[in-house]
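> This is query_20.pdb (PDB, C-alpha atoms).
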MODEL        1
ATOM      1  CA  MET H1284      91.605 118.268  82.725
ATOM      2  CA  ARG H1285      90.413 118.530  86.331
ATOM      3  CA  PRO H1286      91.826 115.092  87.366
ATOM      4  CA  ILE H1287      95.215 116.139  85.934
ATOM      5  CA  TYR H1288      95.292 119.389  87.906
ATOM      6  CA  ALA H1289      94.123 117.646  91.098
ATOM      7  CA  PHE H1290      96.820 114.992  90.832
ATOM      8  CA  LEU H1291      99.581 117.506  90.109
ATOM      9  CA  LEU H1292      98.493 119.635  93.082
ATOM     10  CA  LEU H1293      98.551 116.592  95.375
ATOM     11  CA  PHE H1294     101.941 115.542  93.979
ATOM     12  CA  PHE H1295     103.711 118.852  94.515
ATOM     13  CA  LEU H1296     102.115 119.487  97.912
ATOM     14  CA  SER H1297     103.384 116.092  99.057
ATOM     15  CA  PHE H1298     106.972 117.367  98.951
ATOM     16  CA  GLN H1299     106.112 119.746 101.777
ATOM     17  CA  VAL H1300     105.143 116.954 104.178
ATOM     18  CA  GLN H1301     107.730 116.205 106.866
ATOM     19  CA  ALA H1302     108.788 112.558 107.081
ATOM     20  CA  GLN H1303     107.997 110.705 110.282
ATOM     21  CA  GLU H1304     111.165 109.817 112.176
ATOM     22  CA  THR H1305     111.522 106.127 112.999
ATOM     23  CA  GLU H1306     114.387 103.922 114.016
ATOM     24  CA  ASP H1307     115.852 100.717 112.619
ATOM     25  CA  TYR H1308     114.344 101.012 109.179
ATOM     26  CA  GLU H1309     117.243 102.114 107.015
ATOM     27  CA  TYR H1310     118.015 100.544 103.629
ATOM     28  CA  ASN H1311     120.346 101.590 100.824
ATOM     29  CA  SER H1312     118.949  99.971  97.693
ATOM     30  CA  GLU H1313     115.753  98.498  96.363
ATOM     31  CA  PHE H1314     114.702  96.492  93.313
ATOM     32  CA  ILE H1315     111.032  96.155  92.381
ATOM     33  CA  TRP H1316     108.937  94.732  89.564
ATOM     34  CA  GLY H1317     105.256  95.223  88.912
ATOM     35  CA  ILE H1318     102.137  94.975  86.742
ATOM     36  CA  ASN H1319     100.589  98.149  85.371
ATOM     37  CA  LYS H1320      96.990  99.117  84.582
ATOM     38  CA  ASN H1321      96.442 102.438  82.815
ATOM     39  CA  THR H1322      93.896 104.461  80.876
ATOM     40  CA  ARG H1323      95.664 103.907  77.528
ATOM     41  CA  GLY H1324      96.259 100.162  77.944
ATOM     42  CA  GLY H1325      94.241  96.971  77.987
ATOM     43  CA  LEU H1326      93.377  94.651  80.853
ATOM     44  CA  ILE H1327      97.093  94.625  81.645
ATOM     45  CA  GLY H1328      98.819  97.807  80.528
ATOM     46  CA  GLY H1329     102.360  96.513  80.879
ATOM     47  CA  PHE H1330     105.242  95.701  83.204
ATOM     48  CA  ILE H1331     107.822  97.720  85.117
ATOM     49  CA  LEU H1332     111.291  97.198  86.604
ATOM     50  CA  LYS H1333     113.002  99.737  88.862
ATOM     51  CA  LYS H1334     116.272  99.975  90.770
ATOM     52  CA  SER H1335     116.625 102.590  93.541
ATOM     53  CA  THR H1336     119.708 103.650  95.493
ATOM     54  CA  ARG H1337     119.896 106.008  98.457
ATOM     55  CA  ILE H1338     121.551 109.404  97.971
ATOM     56  CA  SER H1339     120.479 111.076 101.233
ATOM     57  CA  GLU H1340     118.484 110.256 104.350
ATOM     58  CA  ASN H1341     115.077 110.468 102.663
ATOM     59  CA  GLN H1342     115.898 110.589  98.959
ATOM     60  CA  PHE H1343     116.714 107.950  96.329
ATOM     61  CA  GLN H1344     117.773 108.014  92.705
ATOM     62  CA  THR H1345     115.986 105.551  90.438
ATOM     63  CA  TYR H1346     116.604 103.742  87.149
ATOM     64  CA  GLY H1347     113.486 102.303  85.551
ATOM     65  CA  LEU H1348     112.298 100.313  82.566
ATOM     66  CA  GLU H1349     108.643 100.204  81.528
ATOM     67  CA  LEU H1350     107.175  98.012  78.781
ATOM     68  CA  MET H1351     103.675  99.194  77.816
ATOM     69  CA  ASN H1352     101.039  98.488  75.183
ATOM     70  CA  VAL H1353      99.482 101.834  74.207
ATOM     71  CA  LYS H1354      95.993 101.607  72.706
ATOM     72  CA  HIS H1355      93.830 103.998  70.721
ATOM     73  CA  PRO H1356      90.821 105.195  72.789
ATOM     74  CA  LYS H1357      88.385 104.253  70.011
ATOM     75  CA  GLU H1358      89.467 100.609  69.736
ATOM     76  CA  THR H1359      86.432  98.322  69.881
ATOM     77  CA  ARG H1360      86.631  94.548  69.994
ATOM     78  CA  ILE H1361      83.908  92.715  68.066
ATOM     79  CA  SER H1362      83.146  89.043  67.436
ATOM     80  CA  ASN H1363      82.694  87.210  64.172
ATOM     81  CA  PRO H1364      79.217  85.593  64.273
ATOM     82  CA  LEU H1365      80.422  82.572  62.286
ATOM     83  CA  ASN H1366      83.171  81.339  64.620
ATOM     84  CA  GLY H1367      82.987  83.551  67.729
ATOM     85  CA  ASN H1368      86.563  84.824  67.307
ATOM     86  CA  SER H1369      87.122  88.436  68.344
ATOM     87  CA  TYR H1370      89.241  91.165  66.771
ATOM     88  CA  ILE H1371      89.577  94.957  66.773
ATOM     89  CA  TRP H1372      87.946  96.366  63.679
ATOM     90  CA  GLY H1373      89.833  99.240  62.051
ATOM     91  CA  LYS H1374      93.070  98.784  64.010
ATOM     92  CA  GLN H1375      96.156  98.947  61.799
ATOM     93  CA  ASN H1376      99.050  99.045  64.271
ATOM     94  CA  TYR H1377     100.091  98.236  67.808
ATOM     95  CA  LEU H1378     102.223 100.688  69.766
ATOM     96  CA  TYR H1379     104.625  99.084  72.228
ATOM     97  CA  SER H1380     106.260 101.753  74.359
ATOM     98  CA  VAL H1381     109.662 100.985  75.876
ATOM     99  CA  ARG H1382     110.351 103.698  78.463
ATOM    100  CA  LEU H1383     113.773 104.269  79.989
ATOM    101  CA  GLN H1384     113.553 106.438  83.094
ATOM    102  CA  TYR H1385     115.853 108.193  85.517
ATOM    103  CA  GLY H1386     114.270 109.841  88.520
ATOM    104  CA  ARG H1387     114.176 110.802  92.168
ATOM    105  CA  GLU H1388     112.059 109.475  95.021
ATOM    106  CA  GLN H1389     111.420 111.458  98.180
ATOM    107  CA  ILE H1390     110.171 109.698 101.319
ATOM    108  CA  ILE H1391     107.392 111.908 102.647
ATOM    109  CA  PHE H1392     106.117 109.522 105.318
ATOM    110  CA  LYS H1393     108.354 106.824 106.779
ATOM    111  CA  LYS H1394     107.030 103.682 108.411
ATOM    112  CA  ALA H1395     108.391 101.586 111.249
ATOM    113  CA  SER H1396     110.287  98.365 110.507
ATOM    114  CA  PHE H1397     107.401  95.909 110.530
ATOM    115  CA  GLN H1398     104.233  97.984 110.371
ATOM    116  CA  GLY H1399     102.507 101.007 108.922
ATOM    117  CA  LEU H1400     102.475 102.792 105.613
ATOM    118  CA  GLN H1401     105.362 104.443 103.782
ATOM    119  CA  ILE H1402     104.725 107.085 101.100
ATOM    120  CA  HIS H1403     107.117 108.224  98.379
ATOM    121  CA  ALA H1404     106.765 111.109  95.927
ATOM    122  CA  ILE H1405     108.275 110.202  92.553
ATOM    123  CA  LEU H1406     109.397 112.183  89.529
ATOM    124  CA  ALA H1407     111.009 110.268  86.659
ATOM    125  CA  GLY H1408     111.454 110.552  82.924
ATOM    126  CA  GLY H1409     113.622 109.793  79.958
ATOM    127  CA  PRO H1410     113.636 108.557  76.365
ATOM    128  CA  THR H1411     110.940 106.363  74.851
ATOM    129  CA  ILE H1412     111.477 103.801  72.108
ATOM    130  CA  GLY H1413     108.172 103.166  70.359
ATOM    131  CA  LEU H1414     107.704  99.960  68.372
ATOM    132  CA  VAL H1415     104.870 100.364  65.856
ATOM    133  CA  ALA H1416     103.943  96.828  64.793
ATOM    134  CA  PRO H1417     101.291  95.905  62.196
ATOM    135  CA  TYR H1418      98.046  94.433  63.491
ATOM    136  CA  TYR H1419      97.387  91.062  61.865
ATOM    137  CA  ILE H1420      93.912  89.741  61.117
ATOM    138  CA  GLN H1421      92.689  86.425  59.725
ATOM    139  CA  ASN H1422      91.021  87.106  56.402
ATOM    140  CA  SER H1423      88.023  85.328  54.883
ATOM    141  CA  SER H1424      90.332  82.773  53.233
ATOM    142  CA  GLY H1425      91.798  81.765  56.590
ATOM    143  CA  PHE H1426      95.204  83.424  56.068
ATOM    144  CA  ASN H1427      96.792  85.953  58.406
ATOM    145  CA  GLU H1428      97.763  89.323  56.970
ATOM    146  CA  PRO H1429      98.213  92.914  58.206
ATOM    147  CA  PHE H1430      95.014  94.920  58.387
ATOM    148  CA  ASP H1431      94.710  97.287  55.405
ATOM    149  CA  PRO H1432      91.908  99.908  55.609
ATOM    150  CA  GLU H1433      91.736 100.116  51.798
ATOM    151  CA  LYS H1434      91.474  96.356  51.333
ATOM    152  CA  HIS H1435      89.462  95.295  54.371
ATOM    153  CA  VAL H1436      86.298  97.362  54.063
ATOM    154  CA  ASP H1437      83.733  94.868  55.372
ATOM    155  CA  PHE H1438      84.151  93.597  58.933
ATOM    156  CA  ARG H1439      82.283  90.405  58.008
ATOM    157  CA  ASP H1440      85.283  89.377  55.882
ATOM    158  CA  VAL H1441      87.509  89.179  58.967
ATOM    159  CA  LEU H1442      87.508  85.851  60.788
ATOM    160  CA  GLY H1443      89.621  86.889  63.791
ATOM    161  CA  THR H1444      92.934  88.212  65.060
ATOM    162  CA  GLY H1445      96.276  86.912  63.829
ATOM    163  CA  ASN H1446      98.835  85.228  66.051
ATOM    164  CA  ILE H1447     100.100  87.068  69.132
ATOM    165  CA  LEU H1448     103.163  89.232  68.374
ATOM    166  CA  GLN H1449     103.019  88.112  64.729
ATOM    167  CA  GLY H1450     104.001  91.535  63.405
ATOM    168  CA  ILE H1451     106.659  92.419  65.984
ATOM    169  CA  GLY H1452     109.471  91.614  63.554
ATOM    170  CA  GLU H1453     108.066  94.185  61.102
ATOM    171  CA  SER H1454     107.982  97.015  63.639
ATOM    172  CA  GLU H1455     108.932 100.583  62.821
ATOM    173  CA  VAL H1456     110.919 102.385  65.505
ATOM    174  CA  LYS H1457     109.717 105.786  66.718
ATOM    175  CA  PHE H1458     111.498 107.942  69.285
ATOM    176  CA  GLY H1459     110.081 110.119  72.006
ATOM    177  CA  LEU H1460     110.267 111.289  75.617
ATOM    178  CA  ASN H1461     108.285 110.487  78.741
ATOM    179  CA  LEU H1462     107.685 112.125  82.126
ATOM    180  CA  LYS H1463     106.102 110.461  85.167
ATOM    181  CA  PRO H1464     104.991 112.135  88.426
ATOM    182  CA  ALA H1465     103.616 109.589  90.913
ATOM    183  CA  LEU H1466     102.981 108.644  94.527
ATOM    184  CA  SER H1467     103.998 105.265  95.942
ATOM    185  CA  PHE H1468     102.260 103.595  98.903
ATOM    186  CA  GLU H1469     104.173 100.734 100.500
ATOM    187  CA  PHE H1470     102.419  98.141 102.659
ATOM    188  CA  GLY H1471     105.174  95.537 103.143
ATOM    189  CA  ALA H1472     105.313  93.902 106.567
ATOM    190  CA  PHE H1473     108.967  92.814 106.411
ATOM    191  CA  LYS H1474     112.101  94.920 106.372
ATOM    192  CA  SER H1475     113.761  93.096 103.445
ATOM    193  CA  ASN H1476     110.643  92.932 101.255
ATOM    194  CA  VAL H1477     108.606  95.698  99.676
ATOM    195  CA  SER H1478     105.093  95.599  98.209
ATOM    196  CA  GLY H1479     102.476  98.197  97.462
ATOM    197  CA  ILE H1480     100.892 100.356  94.787
ATOM    198  CA  GLU H1481     102.050 103.310  92.717
ATOM    199  CA  LEU H1482      99.543 105.879  91.425
ATOM    200  CA  GLY H1483     100.358 108.563  88.908
ATOM    201  CA  MET H1484     100.279 109.853  85.375
ATOM    202  CA  VAL H1485     102.545 109.591  82.347
ATOM    203  CA  LEU H1486     103.096 112.283  79.740
ATOM    204  CA  GLU H1487     104.626 110.898  76.556
ATOM    205  CA  GLY H1488     105.402 112.446  73.196
ATOM    206  CA  PHE H1489     106.871 111.188  69.942
ATOM    207  CA  THR H1490     108.597 113.001  67.091
ATOM    208  CA  GLU H1491     105.627 112.281  64.807
ATOM    209  CA  GLU H1492     102.019 111.129  64.860
ATOM    210  CA  ILE H1493     101.528 107.423  65.566
ATOM    211  CA  ILE H1494      98.877 105.829  63.334
ATOM    212  CA  LEU H1495      96.956 103.170  65.283
ATOM    213  CA  VAL H1496      93.437 103.463  63.800
ATOM    214  CA  PRO H1497      93.766 105.144  60.374
ATOM    215  CA  ASN H1498      90.092 106.071  59.986
ATOM    216  CA  ASP H1499      90.062 108.085  63.216
ATOM    217  CA  SER H1500      92.153 110.834  64.753
ATOM    218  CA  ASN H1501      95.578 109.739  65.976
ATOM    219  CA  ASP H1502      98.027 111.274  68.414
ATOM    220  CA  GLN H1503     101.621 112.353  68.721
ATOM    221  CA  PHE H1504     101.294 113.074  72.447
ATOM    222  CA  PHE H1505      99.766 110.706  74.997
ATOM    223  CA  THR H1506      98.564 111.237  78.563
ATOM    224  CA  SER H1507      97.513 108.372  80.803
ATOM    225  CA  PHE H1508      96.728 107.723  84.461
ATOM    226  CA  PHE H1509      97.924 104.472  85.974
ATOM    227  CA  VAL H1510      98.071 102.177  88.968
ATOM    228  CA  THR H1511     100.952  99.721  89.368
ATOM    229  CA  LEU H1512     101.022  96.796  91.777
ATOM    230  CA  PHE H1513     104.631  96.122  92.730
ATOM    231  CA  TYR H1514     106.760  93.751  94.777
ATOM    232  CA  GLY H1515     110.488  93.634  95.415
ATOM    233  CA  ARG H1516     113.499  93.348  97.658
ATOM    234  CA  ARG H1517     115.631  95.865  99.516
ATOM    235  CA  ARG H1518     118.844  95.835 101.484
TER     236      ARG H1518
ENDMDL
END
Mind turning this structure into structure tokens?

Amino acid sequence: MRPIYAFLLLFFLSFQVQAQETEDYEYNSEFIWGINKNTRGGLIGGFILKKSTRISENQFQTYGLELMNVKHPKETRISNPLNGNSYIWGKQNYLYSVRLQYGREQIIFKKASFQGLQIHAILAGGPTIGLVAPYYIQNSSGFNEPFDPEKHVDFRDVLGTGNILQGIGESEVKFGLNLKPALSFEFGAFKSNVSGIELGMVLEGFTEEIILVPNDSNDQFFTSFFVTLFYGRRR
């Protein structure tokens, strides 16, 4: 819990910092997209889109969309010794989290037009649509089928993973809420472009427990830390 408390302290203290006054660096809207890495995702956690519009000198309102793959912390990828194909033993479902977010961004340190670092404090949240899709494996006969913990009891009978997104059409929809406090660090060198990183945490909860690995404990509430690399345009 210490990293959570440290981040929240840094986040709320950041609102007390006075923005540096600079000239000729005003913009009214911004659109960014990015790639996310987080503690509950894989190599790539997901993708983000965000639209920001100015509502005061140093504050913006934001509308965001995040598409994330949420993993169970006990997922372990193993390889079949016969063909070298890998799969996640014991995984029954994927969780794809579609997060709709409305928020506010406060500029706490403003950069000059073509140099320096700009820092934003961010607070956003909104509804989550969770898509729980079955995890397909290739069985010992060479056919793809959803993993069944009662049927597939020996990992040596699994030849590999099924096709990518094979079970998306069979998804169950789960509803929830999400909340994201974050800090954004912009390094863009041009006035009309924006690039940088966003660091923060996401708190997410669903109306019921989401079964990802049936033979282990599963969660209804998820907490993750993330870093997002983003790029975009402003005017």
> Could you tell me how far CA of Asn1461 in chain H lies from CA of Ile1480 in chain H, in Å and to one decimal?
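Rounded to one decimal, the two atoms are 20.4 Å apart.
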> Could you tell me which residues the PyMOL selection byres ((chain H and resi 1492) around 9) grabs in this file, written as a PDB file with C-alpha atoms, in the coordinates of the input?

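And here's selection-v2.pdb as it stands now:
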ATOM      1  CA  PHE H1489     106.871 111.188  69.942  1.00  0.00           C
ATOM      2  CA  THR H1490     108.597 113.001  67.091  1.00  0.00           C
ATOM      3  CA  GLU H1491     105.627 112.281  64.807  1.00  0.00           C
ATOM      4  CA  ILE H1493     101.528 107.423  65.566  1.00  0.00           C
ATOM      5  CA  ILE H1494      98.877 105.829  63.334  1.00  0.00           C
ATOM      6  CA  ASN H1501      95.578 109.739  65.976  1.00  0.00           C
ATOM      7  CA  ASP H1502      98.027 111.274  68.414  1.00  0.00           C
ATOM      8  CA  GLN H1503     101.621 112.353  68.721  1.00  0.00           C
ATOM      9  CA  PHE H1504     101.294 113.074  72.447  1.00  0.00           C
TER      10      PHE H1504
END
> Taking the file as shown, find all residues satisfying the PyMOL selection byres ((chain H and resi 1507-1513) around 9) and write them as a list in words.
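Selected by the PyMOL selection byres ((chain H and resi 1507-1513) around 9) here: Ile1287, Ile1315, Trp1316, Gly1317, Ile1318, Asn1319, Lys1320, Asn1321, Thr1322, Arg1323, Gly1324, Gly1328, Phe1330, Ile1331, Val1477, Ser1478, Gly1479, Ile1480, Glu1481, Leu1482, Gly1483, Met1484, Val1485, Leu1486, Glu1487, Phe1505, Thr1506, Tyr1514 and Gly1515 of chain H.
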> With 5 Å added on each side, what axis-aligned box encloses every listed atom of range 1373-1381 of chain H? Give the centre and edge lengths in Å to one decimal, as JSON.

{"center_x": 99.7, "center_y": 100.0, "center_z": 68.8, "size_x": 29.8, "size_y": 13.5, "size_z": 24.1}
> For range 1336-1341 of chain H, find every residue with an atom within 6 Å (counting only C-alpha atoms), except residues of its own chain fewer than 2 positions away, and show them as a CSV table (one decimal) with C-alpha atoms, keeping the file's coordinate frame.

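The result, written out as result.csv:
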chain,number,residue,atom,x,y,z
H,1311,ASN,CA,120.3,101.6,100.8
H,1312,SER,CA,118.9,100.0,97.7
H,1343,PHE,CA,116.7,108.0,96.3
H,1344,GLN,CA,117.8,108.0,92.7
H,1389,GLN,CA,111.4,111.5,98.2
H,1390,ILE,CA,110.2,109.7,101.3
> Give me, please, the distance in Å between CA of Lys1474 in chain H and CA of Lys1334 in chain H, quoted to one decimal.
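Distance between the two atoms: 16.9 Å.
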> Provide the CA of Phe1314 in chain H to CA of Gly1399 in chain H distance in Å, to one decimal place.
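Value for the CA of Phe1314 in chain H-CA of Gly1399 in chain H distance: 20.3 Å.
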> I need the residue nearest Pro1464 in chain H from this list: H:Leu1448, H:Val1415, H:Ala1407, H:Leu1378. Use all atoms listed in the file for the distance.
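Going through H:Leu1448, H:Val1415, H:Ala1407, H:Leu1378 one by one, the smallest distance to Pro1464 in chain H is for H:Ala1407.
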> Check the smallest atom-to-atom distance from each of H:Gly1413, H:Gly1488, H:Gly1443, H:Pro1432 to Tyr1379 in chain H using only C-alpha atoms, then report the winner.
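Of H:Gly1413, H:Gly1488, H:Gly1443, H:Pro1432, the one nearest Tyr1379 in chain H, counting only C-alpha atoms, is H:Gly1413.
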> List the neighbours of range 1496-1500 of chain H out to 9 Å using only C-alpha atoms; skip same-chain residues closer than 6 positions along the sequence, and give me the result as number ranges by chain.
H: 1355, 1357-1358, 1372-1376, 1432
> Could I get range 1305-1337 of chain H from the block written out with N, CA and C atoms, as a compact mmCIF listing (two decimals), in the first residue's frame?

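What landed in selection31.txt:
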# COMPACT_ATOMS: atom_id res chain seq x y z
N THR H 1305 4.37 32.05 -18.69
CA THR H 1305 5.12 32.21 -19.92
C THR H 1305 4.21 32.85 -20.95
N GLU H 1306 4.80 33.34 -22.01
CA GLU H 1306 4.04 34.01 -23.04
C GLU H 1306 4.01 33.18 -24.30
N ASP H 1307 3.00 33.44 -25.13
CA ASP H 1307 2.92 32.87 -26.47
C ASP H 1307 2.86 31.35 -26.46
N TYR H 1308 2.19 30.79 -25.48
CA TYR H 1308 2.03 29.34 -25.49
C TYR H 1308 0.60 28.97 -25.07
N GLU H 1309 -0.36 29.64 -25.66
CA GLU H 1309 -1.75 29.37 -25.35
C GLU H 1309 -2.37 28.47 -26.41
N TYR H 1310 -3.17 27.51 -25.98
CA TYR H 1310 -3.91 26.64 -26.90
C TYR H 1310 -5.25 26.32 -26.25
N ASN H 1311 -6.24 26.01 -27.07
CA ASN H 1311 -7.60 25.83 -26.58
C ASN H 1311 -8.09 24.39 -26.60
N SER H 1312 -7.47 23.55 -27.40
CA SER H 1312 -7.91 22.16 -27.44
C SER H 1312 -6.72 21.26 -27.78
N GLU H 1313 -6.90 20.00 -27.45
CA GLU H 1313 -5.82 19.03 -27.64
C GLU H 1313 -6.44 17.66 -27.86
N PHE H 1314 -5.84 16.89 -28.76
CA PHE H 1314 -6.26 15.51 -28.99
C PHE H 1314 -5.02 14.62 -28.96
N ILE H 1315 -5.02 13.61 -28.08
CA ILE H 1315 -3.86 12.73 -27.97
C ILE H 1315 -4.29 11.28 -28.08
N TRP H 1316 -3.33 10.44 -28.44
CA TRP H 1316 -3.50 8.99 -28.43
C TRP H 1316 -2.23 8.39 -27.86
N GLY H 1317 -2.32 7.20 -27.29
CA GLY H 1317 -1.15 6.64 -26.65
C GLY H 1317 -1.22 5.14 -26.43
N ILE H 1318 -0.07 4.58 -26.01
CA ILE H 1318 0.09 3.17 -25.68
C ILE H 1318 0.35 3.06 -24.19
N ASN H 1319 -0.34 2.13 -23.55
CA ASN H 1319 -0.31 2.01 -22.10
C ASN H 1319 0.40 0.73 -21.66
N LYS H 1320 1.18 0.85 -20.59
CA LYS H 1320 1.78 -0.30 -19.90
C LYS H 1320 1.37 -0.20 -18.44
N ASN H 1321 0.81 -1.28 -17.88
CA ASN H 1321 0.33 -1.22 -16.50
C ASN H 1321 0.57 -2.53 -15.78
N THR H 1322 0.37 -2.50 -14.46
CA THR H 1322 0.68 -3.65 -13.62
C THR H 1322 -0.37 -4.75 -13.70
N ARG H 1323 -1.49 -4.53 -14.38
CA ARG H 1323 -2.49 -5.58 -14.57
C ARG H 1323 -2.64 -5.96 -16.04
N GLY H 1324 -1.70 -5.52 -16.89
CA GLY H 1324 -1.75 -5.84 -18.31
C GLY H 1324 -0.55 -6.65 -18.75
N GLY H 1325 -0.46 -6.90 -20.04
CA GLY H 1325 0.65 -7.64 -20.60
C GLY H 1325 1.76 -6.70 -21.04
N LEU H 1326 2.48 -7.14 -22.08
CA LEU H 1326 3.57 -6.32 -22.62
C LEU H 1326 3.04 -4.96 -23.04
N ILE H 1327 1.89 -4.95 -23.70
CA ILE H 1327 1.15 -3.73 -23.98
C ILE H 1327 -0.18 -3.83 -23.24
N GLY H 1328 -0.43 -2.89 -22.33
CA GLY H 1328 -1.65 -2.96 -21.54
C GLY H 1328 -2.88 -2.55 -22.31
N GLY H 1329 -2.72 -1.57 -23.24
CA GLY H 1329 -3.86 -1.12 -24.00
C GLY H 1329 -3.58 0.20 -24.69
N PHE H 1330 -4.65 0.87 -25.10
CA PHE H 1330 -4.55 2.10 -25.89
C PHE H 1330 -5.51 3.15 -25.34
N ILE H 1331 -5.13 4.42 -25.52
CA ILE H 1331 -5.96 5.50 -25.00
C ILE H 1331 -6.19 6.57 -26.08
N LEU H 1332 -7.34 7.23 -25.98
CA LEU H 1332 -7.66 8.41 -26.78
C LEU H 1332 -8.20 9.46 -25.81
N LYS H 1333 -7.84 10.73 -26.02
CA LYS H 1333 -8.33 11.77 -25.12
C LYS H 1333 -8.45 13.10 -25.84
N LYS H 1334 -9.57 13.78 -25.60
CA LYS H 1334 -9.83 15.10 -26.13
C LYS H 1334 -9.93 16.08 -24.97
N SER H 1335 -9.17 17.18 -25.03
CA SER H 1335 -9.17 18.18 -23.96
C SER H 1335 -9.56 19.54 -24.53
N THR H 1336 -10.34 20.29 -23.76
CA THR H 1336 -10.71 21.65 -24.14
C THR H 1336 -10.50 22.58 -22.95
N ARG H 1337 -10.04 23.79 -23.22
CA ARG H 1337 -9.74 24.74 -22.16
C ARG H 1337 -11.03 25.31 -21.55
